[in-house]
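What follows is the content of model_21.cif, which has mmCIF, C-alpha atoms:
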```
data_start
loop_
_atom_site.group_PDB
_atom_site.id
_atom_site.type_symbol
_atom_site.label_atom_id
_atom_site.label_comp_id
_atom_site.auth_asym_id
_atom_site.auth_seq_id
_atom_site.Cartn_x
_atom_site.Cartn_y
_atom_site.Cartn_z
ATOM 1 C CA MET O 1 61.148 -69.930 -23.650
ATOM 2 C CA GLU O 2 58.155 -71.773 -25.027
ATOM 3 C CA ILE O 3 54.873 -69.839 -24.947
ATOM 4 C CA ASN O 4 51.846 -71.853 -23.808
ATOM 5 C CA PRO O 5 48.758 -71.986 -26.060
ATOM 6 C CA ILE O 6 46.608 -69.845 -23.735
ATOM 7 C CA SER O 7 49.135 -67.007 -23.914
ATOM 8 C CA LYS O 8 49.307 -67.384 -27.676
ATOM 9 C CA LEU O 9 45.535 -67.007 -27.960
ATOM 10 C CA ARG O 10 45.474 -64.015 -25.617
ATOM 11 C CA ASN O 11 48.116 -62.291 -27.747
ATOM 12 C CA LEU O 12 46.236 -62.651 -31.031
ATOM 13 C CA ASP O 13 44.735 -59.627 -32.738
ATOM 14 C CA LEU O 14 41.202 -60.983 -33.175
ATOM 15 C CA SER O 15 40.228 -58.078 -35.414
ATOM 16 C CA LYS O 16 42.332 -59.715 -38.131
ATOM 17 C CA TYR O 17 40.204 -62.903 -37.930
ATOM 18 C CA PRO O 18 43.203 -65.264 -37.477
ATOM 19 C CA ILE O 19 41.055 -68.372 -37.920
ATOM 20 C CA ASP O 20 43.805 -70.756 -39.008
ATOM 21 C CA GLU O 21 46.046 -69.641 -36.149
ATOM 22 C CA ILE O 22 43.277 -70.219 -33.616
ATOM 23 C CA LYS O 23 42.632 -73.707 -34.961
ATOM 24 C CA SER O 24 46.339 -74.522 -34.865
ATOM 25 C CA ILE O 25 46.822 -73.216 -31.331
ATOM 26 C CA MET O 26 43.782 -75.068 -29.988
ATOM 27 C CA LYS O 27 45.376 -78.294 -31.153
ATOM 28 C CA GLU O 28 48.165 -77.500 -28.676
ATOM 29 C CA PHE O 29 45.767 -77.683 -25.724
ATOM 30 C CA GLY O 30 46.580 -81.345 -25.353
ATOM 31 C CA ARG O 31 44.644 -83.507 -22.924
ATOM 32 C CA PHE O 32 42.132 -81.739 -20.640
ATOM 33 C CA GLY O 33 38.975 -82.768 -18.838
ATOM 34 C CA VAL O 34 35.480 -81.536 -19.683
ATOM 35 C CA VAL O 35 32.034 -81.832 -18.145
ATOM 36 C CA VAL O 36 29.503 -83.530 -20.409
ATOM 37 C CA MET O 37 25.909 -82.372 -20.023
ATOM 38 C CA THR O 38 23.373 -84.616 -21.746
ATOM 39 C CA LEU O 39 19.871 -83.369 -22.456
ATOM 40 C CA HIS O 40 17.699 -86.460 -22.115
ATOM 41 C CA GLU O 41 14.424 -87.368 -23.775
ATOM 42 C CA GLY O 42 11.604 -85.151 -22.536
ATOM 43 C CA LYS O 43 13.814 -82.177 -21.637
ATOM 44 C CA THR O 44 12.258 -78.829 -22.601
ATOM 45 C CA ILE O 45 14.162 -76.062 -24.387
ATOM 46 C CA ILE O 46 12.776 -72.533 -24.821
ATOM 47 C CA ARG O 47 13.785 -70.352 -27.747
ATOM 48 C CA ALA O 48 12.876 -66.694 -28.302
ATOM 49 C CA ARG O 49 12.948 -64.658 -31.479
ATOM 50 C CA PRO O 50 12.067 -60.938 -31.674
ATOM 51 C CA ASN O 51 9.526 -60.065 -34.355
ATOM 52 C CA GLU O 52 10.026 -57.272 -36.817
ATOM 53 C CA PRO O 53 7.086 -54.789 -37.006
ATOM 54 C CA ASN O 54 3.928 -56.560 -38.267
ATOM 55 C CA GLU O 55 5.841 -59.852 -38.599
ATOM 56 C CA THR O 56 4.176 -63.148 -37.684
ATOM 57 C CA PHE O 57 5.902 -66.499 -37.993
ATOM 58 C CA LYS O 58 4.067 -69.347 -39.679
ATOM 59 C CA ASP O 59 6.658 -72.102 -40.148
ATOM 60 C CA ILE O 60 8.915 -74.078 -37.794
ATOM 61 C CA SER O 61 11.948 -73.078 -39.858
ATOM 62 C CA GLU O 62 11.338 -69.471 -38.772
ATOM 63 C CA LEU O 63 11.514 -70.497 -35.113
ATOM 64 C CA SER O 64 14.583 -72.703 -35.386
ATOM 65 C CA TYR O 65 18.257 -72.043 -36.156
ATOM 66 C CA LYS O 66 19.309 -69.317 -38.568
ATOM 67 C CA PRO O 67 19.508 -70.654 -42.155
ATOM 68 C CA ALA O 68 23.116 -71.149 -43.250
ATOM 69 C CA LYS O 69 22.872 -68.541 -46.023
ATOM 70 C CA PHE O 70 22.058 -65.838 -43.434
ATOM 71 C CA ASN O 71 24.609 -67.040 -40.891
ATOM 72 C CA THR O 72 27.474 -64.737 -41.834
ATOM 73 C CA THR O 73 28.912 -63.630 -38.482
ATOM 74 C CA TYR O 74 30.587 -65.163 -35.449
ATOM 75 C CA GLN O 75 28.413 -65.523 -32.355
ATOM 76 C CA ARG O 76 29.125 -66.848 -28.873
ATOM 77 C CA ALA O 77 28.912 -70.489 -29.948
ATOM 78 C CA SER O 78 28.629 -70.445 -33.734
ATOM 79 C CA THR O 79 30.674 -69.570 -36.807
ATOM 80 C CA PRO O 80 29.687 -68.737 -40.393
ATOM 81 C CA ASN O 81 30.534 -72.367 -41.166
ATOM 82 C CA ASN O 82 28.287 -73.769 -38.432
ATOM 83 C CA THR O 83 24.948 -72.173 -37.669
ATOM 84 C CA MET O 84 23.530 -73.266 -34.305
ATOM 85 C CA PHE O 85 20.202 -73.440 -32.505
ATOM 86 C CA TYR O 86 20.316 -71.203 -29.426
ATOM 87 C CA GLY O 87 17.897 -71.912 -26.604
ATOM 88 C CA CYS O 88 17.466 -71.766 -22.837
ATOM 89 C CA VAL O 89 16.902 -74.532 -20.295
ATOM 90 C CA VAL O 90 16.162 -74.925 -16.599
ATOM 91 C CA PRO O 91 18.477 -77.391 -14.809
ATOM 92 C CA GLU O 92 17.096 -80.322 -12.872
ATOM 93 C CA ASN O 93 16.871 -80.049 -9.074
ATOM 94 C CA ILE O 94 17.782 -76.379 -8.732
ATOM 95 C CA ALA O 95 17.552 -74.788 -5.297
ATOM 96 C CA GLU O 96 14.416 -73.040 -4.074
ATOM 97 C CA GLY O 97 14.291 -69.383 -5.059
ATOM 98 C CA GLU O 98 16.632 -69.748 -8.063
ATOM 99 C CA LEU O 99 15.700 -68.789 -11.605
ATOM 100 C CA ASP O 100 13.358 -71.558 -12.733
ATOM 101 C CA ASN O 101 11.834 -70.004 -15.858
ATOM 102 C CA ALA O 102 13.695 -70.490 -19.143
ATOM 103 C CA ARG O 103 11.462 -67.879 -20.751
ATOM 104 C CA VAL O 104 12.965 -65.216 -18.469
ATOM 105 C CA THR O 105 16.476 -66.215 -19.509
ATOM 106 C CA ALA O 106 15.343 -66.137 -23.142
ATOM 107 C CA ILE O 107 14.113 -62.547 -22.691
ATOM 108 C CA PHE O 108 17.494 -61.513 -21.306
ATOM 109 C CA GLU O 109 19.193 -63.123 -24.288
ATOM 110 C CA ALA O 110 16.870 -62.170 -27.148
ATOM 111 C CA SER O 111 15.100 -58.924 -26.296
ATOM 112 C CA LYS O 112 16.640 -55.915 -27.996
ATOM 113 C CA LEU O 113 14.355 -53.549 -26.076
ATOM 114 C CA TYR O 114 15.328 -54.969 -22.688
ATOM 115 C CA ARG O 115 19.014 -54.307 -23.368
ATOM 116 C CA GLN O 116 18.575 -50.852 -24.868
ATOM 117 C CA GLU O 117 19.175 -47.778 -22.716
ATOM 118 C CA ILE O 118 15.791 -46.219 -23.472
ATOM 119 C CA GLU O 119 13.081 -45.128 -21.054
ATOM 120 C CA SER O 120 10.113 -47.008 -22.467
ATOM 121 C CA GLY O 121 8.915 -49.059 -25.410
ATOM 122 C CA GLU O 122 7.117 -52.129 -26.679
ATOM 123 C CA GLU O 123 8.443 -55.211 -28.447
ATOM 124 C CA LYS O 124 6.902 -58.349 -29.908
ATOM 125 C CA ILE O 125 8.691 -61.637 -29.163
ATOM 126 C CA THR O 126 7.822 -65.131 -30.345
ATOM 127 C CA PHE O 127 8.645 -67.991 -28.002
ATOM 128 C CA SER O 128 8.766 -71.638 -28.985
ATOM 129 C CA ARG O 129 8.930 -74.695 -26.785
ATOM 130 C CA TRP O 130 10.974 -77.632 -27.994
ATOM 131 C CA VAL O 131 11.230 -81.104 -26.506
ATOM 132 C CA VAL O 132 14.188 -83.478 -26.730
ATOM 133 C CA THR O 133 13.242 -86.798 -28.346
ATOM 134 C CA LYS O 134 16.700 -88.433 -28.227
ATOM 135 C CA ASP O 135 19.723 -87.699 -26.055
ATOM 136 C CA ILE O 136 21.734 -84.580 -26.954
ATOM 137 C CA PRO O 137 25.345 -84.605 -25.621
ATOM 138 C CA LEU O 138 26.874 -81.182 -24.938
ATOM 139 C CA ILE O 139 30.144 -79.916 -23.488
ATOM 140 C CA ALA O 140 29.360 -77.797 -20.427
ATOM 141 C CA ILE O 141 31.342 -74.581 -19.969
ATOM 142 C CA VAL O 142 30.788 -74.028 -16.249
ATOM 143 C CA TYR O 143 34.148 -73.031 -14.819
ATOM 144 C CA HIS O 144 34.106 -69.234 -14.777
ATOM 145 C CA LYS O 145 34.879 -67.927 -11.288
ATOM 146 C CA ASP O 146 32.148 -65.267 -11.438
ATOM 147 C CA PHE O 147 29.444 -67.857 -12.126
ATOM 148 C CA ILE O 148 30.422 -70.804 -9.899
ATOM 149 C CA ASN O 149 28.274 -69.554 -7.032
ATOM 150 C CA SER O 150 25.582 -67.873 -9.139
ATOM 151 C CA SER O 151 23.543 -71.075 -9.108
ATOM 152 C CA SER O 152 23.508 -74.328 -7.164
ATOM 153 C CA HIS O 153 23.680 -76.007 -10.570
ATOM 154 C CA THR O 154 26.985 -74.404 -11.615
ATOM 155 C CA ASN O 155 28.349 -75.057 -8.143
ATOM 156 C CA GLU O 156 27.372 -78.716 -8.393
ATOM 157 C CA LEU O 157 28.923 -79.122 -11.849
ATOM 158 C CA HIS O 158 32.108 -77.338 -10.817
ATOM 159 C CA THR O 159 32.424 -79.503 -7.688
ATOM 160 C CA ALA O 160 31.933 -82.668 -9.762
ATOM 161 C CA TYR O 161 34.585 -81.457 -12.201
ATOM 162 C CA GLN O 162 37.120 -80.794 -9.457
ATOM 163 C CA THR O 163 36.428 -84.244 -7.981
ATOM 164 C CA PHE O 164 37.089 -85.764 -11.400
ATOM 165 C CA LEU O 165 40.406 -83.913 -11.639
ATOM 166 C CA LYS O 166 41.506 -85.117 -8.199
ATOM 167 C CA ASN O 167 41.121 -88.645 -9.521
ATOM 168 C CA ASN O 168 43.182 -87.680 -12.575
ATOM 169 C CA PRO O 169 46.012 -85.651 -10.964
ATOM 170 C CA ASN O 170 48.186 -85.564 -14.075
ATOM 171 C CA ASP O 171 45.519 -83.529 -15.855
ATOM 172 C CA ILE O 172 44.755 -80.954 -13.135
ATOM 173 C CA VAL O 173 47.043 -78.095 -14.139
ATOM 174 C CA ASN O 174 46.373 -78.213 -17.864
ATOM 175 C CA SER O 175 42.652 -78.889 -17.441
ATOM 176 C CA ASN O 176 42.146 -75.940 -15.108
ATOM 177 C CA SER O 177 44.197 -73.643 -17.337
ATOM 178 C CA VAL O 178 42.315 -74.511 -20.524
ATOM 179 C CA THR O 179 38.813 -74.711 -19.098
ATOM 180 C CA GLU O 180 39.080 -71.501 -17.083
ATOM 181 C CA TYR O 181 40.304 -69.665 -20.170
ATOM 182 C CA LEU O 182 37.475 -71.026 -22.311
ATOM 183 C CA ALA O 183 34.959 -70.125 -19.609
ATOM 184 C CA SER O 184 36.237 -66.547 -19.592
ATOM 185 C CA GLU O 185 35.689 -66.373 -23.366
ATOM 186 C CA PHE O 186 32.124 -67.699 -23.085
ATOM 187 C CA ALA O 187 31.483 -65.195 -20.281
ATOM 188 C CA LYS O 188 32.507 -62.071 -22.225
ATOM 189 C CA LYS O 189 30.099 -59.213 -21.559
ATOM 190 C CA GLU O 190 31.431 -56.531 -23.870
ATOM 191 C CA THR O 191 31.210 -57.831 -27.440
ATOM 192 C CA PRO O 192 30.799 -54.894 -29.834
ATOM 193 C CA HIS O 193 32.311 -56.859 -32.740
ATOM 194 C CA ASP O 194 31.637 -60.383 -33.934
ATOM 195 C CA TYR O 195 35.367 -61.166 -33.754
ATOM 196 C CA ASP O 196 35.084 -60.828 -29.951
ATOM 197 C CA TYR O 197 33.412 -64.247 -30.120
ATOM 198 C CA LEU O 198 36.130 -65.928 -32.195
ATOM 199 C CA ILE O 199 37.617 -68.088 -29.425
ATOM 200 C CA SER O 200 34.342 -69.360 -27.977
ATOM 201 C CA ALA O 201 32.855 -69.882 -31.447
ATOM 202 C CA MET O 202 35.882 -71.798 -32.670
ATOM 203 C CA PHE O 203 35.866 -73.989 -29.569
ATOM 204 C CA ALA O 204 32.204 -74.824 -30.211
ATOM 205 C CA GLU O 205 33.361 -75.992 -33.642
ATOM 206 C CA VAL O 206 35.986 -78.171 -31.949
ATOM 207 C CA ALA O 207 33.244 -79.707 -29.793
ATOM 208 C CA LEU O 208 31.258 -80.590 -32.904
ATOM 209 C CA GLY O 209 34.340 -82.237 -34.380
ATOM 210 C CA GLN O 210 34.553 -84.474 -31.294
ATOM 211 C CA GLY O 211 31.024 -85.780 -31.810
ATOM 212 C CA PHE O 212 29.203 -83.484 -29.392
ATOM 213 C CA ALA O 213 26.000 -81.693 -30.383
ATOM 214 C CA GLY O 214 27.270 -78.348 -29.124
ATOM 215 C CA VAL O 215 27.810 -76.544 -25.841
ATOM 216 C CA TYR O 216 25.984 -75.765 -22.599
ATOM 217 C CA TYR O 217 26.897 -72.584 -20.732
ATOM 218 C CA PRO O 218 25.616 -70.038 -18.176
ATOM 219 C CA SER O 219 23.786 -67.025 -19.551
ATOM 220 C CA VAL O 220 25.976 -63.936 -19.336
ATOM 221 C CA ARG O 221 22.943 -61.661 -19.669
ATOM 222 C CA ALA O 222 21.247 -63.487 -16.765
ATOM 223 C CA GLU O 223 24.433 -63.122 -14.690
ATOM 224 C CA GLY O 224 25.037 -66.863 -14.690
ATOM 225 C CA LYS O 225 21.662 -67.680 -13.106
ATOM 226 C CA GLY O 226 20.124 -69.027 -16.322
ATOM 227 C CA PHE O 227 21.492 -71.540 -18.800
ATOM 228 C CA ASN O 228 21.874 -71.608 -22.567
ATOM 229 C CA VAL O 229 22.426 -74.319 -25.137
ATOM 230 C CA ALA O 230 23.861 -74.065 -28.641
ATOM 231 C CA ILE O 231 22.954 -77.150 -30.672
ATOM 232 C CA HIS O 232 23.991 -78.173 -34.180
ATOM 233 C CA PRO O 233 21.181 -78.368 -36.785
ATOM 234 C CA ASP O 234 21.667 -82.121 -37.305
ATOM 235 C CA PHE O 235 20.658 -82.750 -33.690
ATOM 236 C CA VAL O 236 17.814 -80.224 -33.896
ATOM 237 C CA ASN O 237 16.414 -82.013 -36.939
ATOM 238 C CA ASN O 238 16.818 -85.526 -35.543
ATOM 239 C CA ASN O 239 16.685 -85.242 -31.740
ATOM 240 C CA MET O 240 14.182 -82.436 -31.070
ATOM 241 C CA LYS O 241 10.741 -81.242 -32.062
ATOM 242 C CA ALA O 242 8.800 -77.996 -31.616
ATOM 243 C CA ILE O 243 5.539 -78.486 -29.730
ATOM 244 C CA VAL O 244 4.177 -75.014 -28.854
ATOM 245 C CA SER O 245 4.728 -71.449 -30.012
ATOM 246 C CA GLY O 246 3.245 -68.129 -29.018
ATOM 247 C CA GLU O 247 3.660 -64.383 -29.438
ATOM 248 C CA CYS O 248 4.121 -62.082 -26.467
ATOM 249 C CA SER O 249 4.304 -58.326 -26.041
ATOM 250 C CA LEU O 250 7.065 -56.965 -23.859
ATOM 251 C CA TYR O 251 6.351 -53.552 -22.339
ATOM 252 C CA LYS O 252 9.167 -51.562 -20.767
ATOM 253 C CA LYS O 253 9.324 -48.484 -18.567
ATOM 254 C CA SER O 254 12.614 -47.510 -16.959
ATOM 255 C CA LYS O 255 14.106 -50.779 -15.668
ATOM 256 C CA HIS O 256 10.754 -52.512 -15.307
ATOM 257 C CA ILE O 257 9.119 -54.830 -17.836
ATOM 258 C CA VAL O 258 5.772 -56.597 -18.193
ATOM 259 C CA LEU O 259 5.269 -59.559 -20.521
ATOM 260 C CA ASP O 260 1.820 -60.273 -21.924
ATOM 261 C CA ASN O 261 0.687 -63.378 -23.824
ATOM 262 C CA ASP O 262 -0.953 -62.489 -27.160
ATOM 263 C CA THR O 263 -1.266 -65.640 -29.276
ATOM 264 C CA ILE O 264 -0.512 -69.338 -29.051
ATOM 265 C CA THR O 265 -0.497 -72.446 -31.209
ATOM 266 C CA GLU O 266 0.183 -76.117 -30.684
ATOM 267 C CA ILE O 267 2.414 -77.526 -33.406
ATOM 268 C CA GLU O 268 1.087 -80.812 -34.682
ATOM 269 C CA ASP O 269 3.522 -83.688 -34.872
ATOM 270 C CA GLY O 270 4.877 -83.984 -38.405
ATOM 271 C CA LYS O 271 3.590 -80.560 -39.453
ATOM 272 C CA THR O 272 5.840 -77.608 -40.263
ATOM 273 C CA GLU O 273 3.236 -74.853 -40.696
ATOM 274 C CA PHE O 274 0.961 -73.375 -38.034
ATOM 275 C CA VAL O 275 -1.419 -70.473 -37.414
ATOM 276 C CA MET O 276 -1.226 -68.362 -34.260
ATOM 277 C CA GLN O 277 -4.510 -68.113 -32.353
ATOM 278 C CA PRO O 278 -5.371 -65.017 -30.248
ATOM 279 C CA ILE O 279 -5.500 -65.483 -26.475
ATOM 280 C CA THR O 280 -8.704 -63.925 -25.146
ATOM 281 C CA ASP O 281 -8.872 -65.348 -21.613
ATOM 282 C CA PRO O 282 -8.060 -62.405 -19.278
ATOM 283 C CA GLN O 283 -6.352 -64.847 -16.945
ATOM 284 C CA PHE O 284 -3.587 -65.203 -19.551
ATOM 285 C CA HIS O 285 -3.870 -62.005 -21.635
ATOM 286 C CA SER O 286 -4.074 -58.524 -20.114
ATOM 287 C CA GLY O 287 -3.774 -56.163 -23.094
ATOM 288 C CA ARG O 288 -1.735 -53.024 -23.673
ATOM 289 C CA ASP O 289 -3.767 -50.672 -21.441
ATOM 290 C CA ILE O 290 -3.592 -52.868 -18.364
ATOM 291 C CA CYS O 291 0.106 -53.630 -18.911
ATOM 292 C CA ASN O 292 0.887 -49.913 -19.092
ATOM 293 C CA LYS O 293 -1.161 -49.273 -15.939
ATOM 294 C CA ILE O 294 0.900 -51.949 -14.181
ATOM 295 C CA LEU O 295 4.106 -50.256 -15.302
ATOM 296 C CA ASN O 296 2.786 -46.864 -14.176
ATOM 297 C CA GLY O 297 1.903 -48.261 -10.753
ATOM 298 C CA GLU O 298 -1.847 -47.738 -11.263
ATOM 299 C CA ILE O 299 -2.459 -51.485 -10.844
ATOM 300 C CA LYS O 300 -0.658 -53.565 -8.235
ATOM 301 C CA VAL O 301 0.288 -57.147 -9.046
#
```
Could you rewrite the structure in this file as structure tokens?
Amino acid sequence: MEINPISKLRNLDLSKYPIDEIKSIMKEFGRFGVVVMTLHEGKTIIRARPNEPNETFKDISELSYKPAKFNTTYQRASTPNNTMFYGCVVPENIAEGELDNARVTAIFEASKLYRQEIESGEEKITFSRWVVTKDIPLIAIVYHKDFINSSSHTNELHTAYQTFLKNNPNDIVNSNSVTEYLASEFAKKETPHDYDYLISAMFAEVALGQGFAGVYYPSVRAEGKGFNVAIHPDFVNNNMKAIVSGECSLYKKSKHIVLDNDTITEIEDGKTEFVMQPITDPQFHSGRDICNKILNGEIKV
């Protein structure tokens, strides 16, 4: 009895890093449909990077993708061979009341303090805003059953995908099998080892080989209500530019957090270096004391 490629992948011992086997098995997927999500000119992408103590970034390269020489592990959509730019976006035309702030999704994804099981603390995070200057084509991974109804956007994309399959009936069974499996890999919550990302990371590499810039997928840490992109450096360098960056302080107490704006800088077109400027306007910067009073319930907001 012939074993299908999905079963073969499920049966692999990922701790042995069977890279060649994964590549070989993925070639057995055959023909299957995908949803293409294109980020058009003018689209905004938010990226967050936690600062080390007393660290301040001064160059665009520090805000962008991880340099290849430091990219030594597998992540959700990148391999040691292909470093990627990770960022967060807000879909067009989302429903009222849905998550409409990419910076919130970025906190869920990037903040170490937010994810840690500790009572209280403080963390510095640098955000950067990037704008798309030329179209960026991505494969959208939007088929996971737990996320279809998390957002009107995922529901819309999933409905469009199913309509496409109905018009291509010969591809329905294989397409659903492959895409649902890949979605489950991109939606993994428990990932204590980098090899837990092998399948999703290797598929992102497949997408690059087909001419796509990367992948587009719901944020696991935002329970599918926010959206992430992983974009190859070539497209970052040629199809995007950083326009604004700023440092924020994240204050945590129990399960509550407050985010305060500390510094900001506009990044001049064609420049790579910048200097953060303190934010002094109390409308935009509260300070540590006030933030802690908010967390302690002494100030209502």
Run the PyMOL selection byres ((chain O and resi 16-30) around 10) against the file shown and list the residues it catches, as a ChimeraX atom specification.
/O:4-9,12-15,31-32,171,174-175,177-178,194-196,198-199,202-203,205-206
Could you check the closest approach to Leu99 in chain O for each of O:Arg49, O:His153, O:Lys189, O:His285 and tell me which residue wins, using only C-alpha atoms?
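Closest residue, counting only C-alpha atoms: O:His153.
Reported to one decimal place, the separation of CA of Tyr161 in chain O from CA of Arg103 in chain O is 28.1 Å.
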Can you list what the PyMOL selection byres ((chain O and resi 269) around 10) grabs from this structure, as an NGL selection string?
:O and (241-243 or 266-268 or 270-272)
Around range 224-232 of chain O, fit a box with edges along x, y and z, padding it by 8 Å on each side, then list its centre and edge lengths in Å to one decimal as lines of an AutoDock Vina configuration file.
```
center_x = 22.6
center_y = -72.5
center_z = -23.6
size_x = 20.9
size_y = 27.3
size_z = 37.1
```
Selection in question (the file shown): the PyMOL selection byres ((chain O and resi 113) around 12). Which residues does it include, as a list in words?
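For this structure, the PyMOL selection byres ((chain O and resi 113) around 12) captures Pro50, Asn51, Ile107, Phe108, Glu109, Ala110, Ser111, Lys112, Tyr114, Arg115, Gln116, Glu117, Ile118, Glu119, Ser120, Gly121, Glu122, Glu123, Lys124, Ile125, Ser249, Leu250, Tyr251, Lys252, Lys253, Ser254, Lys255, His256 and Ile257 of chain O.
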Gap from CA of Pro67 in chain O to CA of Val275 in chain O - Å, one decimal
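Going from CA of Pro67 in chain O over to CA of Val275 in chain O covers 21.5 Å.
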Some atoms are absent from range 132-139 of chain O, so rebuild all heavy atoms and return them as a tab-separated table (two decimals), in the frame of the given file.
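Listing of selection19.tsv after writing:
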```tsv
chain	number	residue	atom	x	y	z
O	132	VAL	N	13.15	-82.55	-26.29
O	132	VAL	CA	14.19	-83.48	-26.73
O	132	VAL	C	13.56	-84.86	-26.91
O	132	VAL	O	12.86	-85.36	-26.03
O	132	VAL	CB	15.34	-83.54	-25.70
O	132	VAL	CG1	16.36	-84.61	-26.09
O	132	VAL	CG2	16.01	-82.17	-25.57
O	133	THR	N	13.79	-85.46	-28.06
O	133	THR	CA	13.24	-86.80	-28.35
O	133	THR	C	14.30	-87.90	-28.26
O	133	THR	O	13.97	-89.05	-28.09
O	133	THR	CB	12.61	-86.82	-29.76
O	133	THR	OG1	13.59	-86.42	-30.72
O	133	THR	CG2	11.43	-85.86	-29.83
O	134	LYS	N	15.57	-87.52	-28.40
O	134	LYS	CA	16.70	-88.43	-28.23
O	134	LYS	C	17.83	-87.66	-27.57
O	134	LYS	O	17.94	-86.45	-27.75
O	134	LYS	CB	17.16	-89.01	-29.58
O	134	LYS	CG	16.19	-90.00	-30.21
O	134	LYS	CD	16.79	-90.68	-31.45
O	134	LYS	CE	16.93	-89.68	-32.60
O	134	LYS	NZ	17.38	-90.36	-33.85
O	135	ASP	N	18.67	-88.35	-26.82
O	135	ASP	CA	19.72	-87.70	-26.06
O	135	ASP	C	20.57	-86.75	-26.90
O	135	ASP	O	20.91	-87.06	-28.05
O	135	ASP	CB	20.65	-88.73	-25.42
O	135	ASP	CG	20.03	-89.39	-24.19
O	135	ASP	OD1	18.88	-89.05	-23.86
O	135	ASP	OD2	20.72	-90.23	-23.57
O	136	ILE	N	20.91	-85.60	-26.30
O	136	ILE	CA	21.73	-84.58	-26.95
O	136	ILE	C	22.95	-84.31	-26.07
O	136	ILE	O	22.81	-83.68	-25.00
O	136	ILE	CB	20.95	-83.28	-27.19
O	136	ILE	CG1	19.75	-83.55	-28.13
O	136	ILE	CG2	21.85	-82.20	-27.77
O	136	ILE	CD1	18.86	-82.35	-28.35
O	137	PRO	N	24.15	-84.78	-26.45
O	137	PRO	CA	25.34	-84.60	-25.62
O	137	PRO	C	26.03	-83.25	-25.89
O	137	PRO	O	26.34	-82.91	-27.02
O	137	PRO	CB	26.24	-85.76	-26.06
O	137	PRO	CG	25.86	-86.00	-27.50
O	137	PRO	CD	24.41	-85.63	-27.64
O	138	LEU	N	26.27	-82.50	-24.83
O	138	LEU	CA	26.87	-81.18	-24.94
O	138	LEU	C	28.09	-81.07	-24.01
O	138	LEU	O	28.13	-81.71	-22.96
O	138	LEU	CB	25.87	-80.09	-24.54
O	138	LEU	CG	24.52	-80.09	-25.27
O	138	LEU	CD1	23.55	-79.14	-24.57
O	138	LEU	CD2	24.69	-79.69	-26.73
O	139	ILE	N	29.05	-80.25	-24.40
O	139	ILE	CA	30.14	-79.92	-23.49
O	139	ILE	C	29.69	-78.72	-22.64
O	139	ILE	O	29.26	-77.71	-23.18
O	139	ILE	CB	31.44	-79.57	-24.24
O	139	ILE	CG1	32.03	-80.83	-24.89
O	139	ILE	CG2	32.46	-78.94	-23.30
O	139	ILE	CD1	33.35	-80.60	-25.59
```
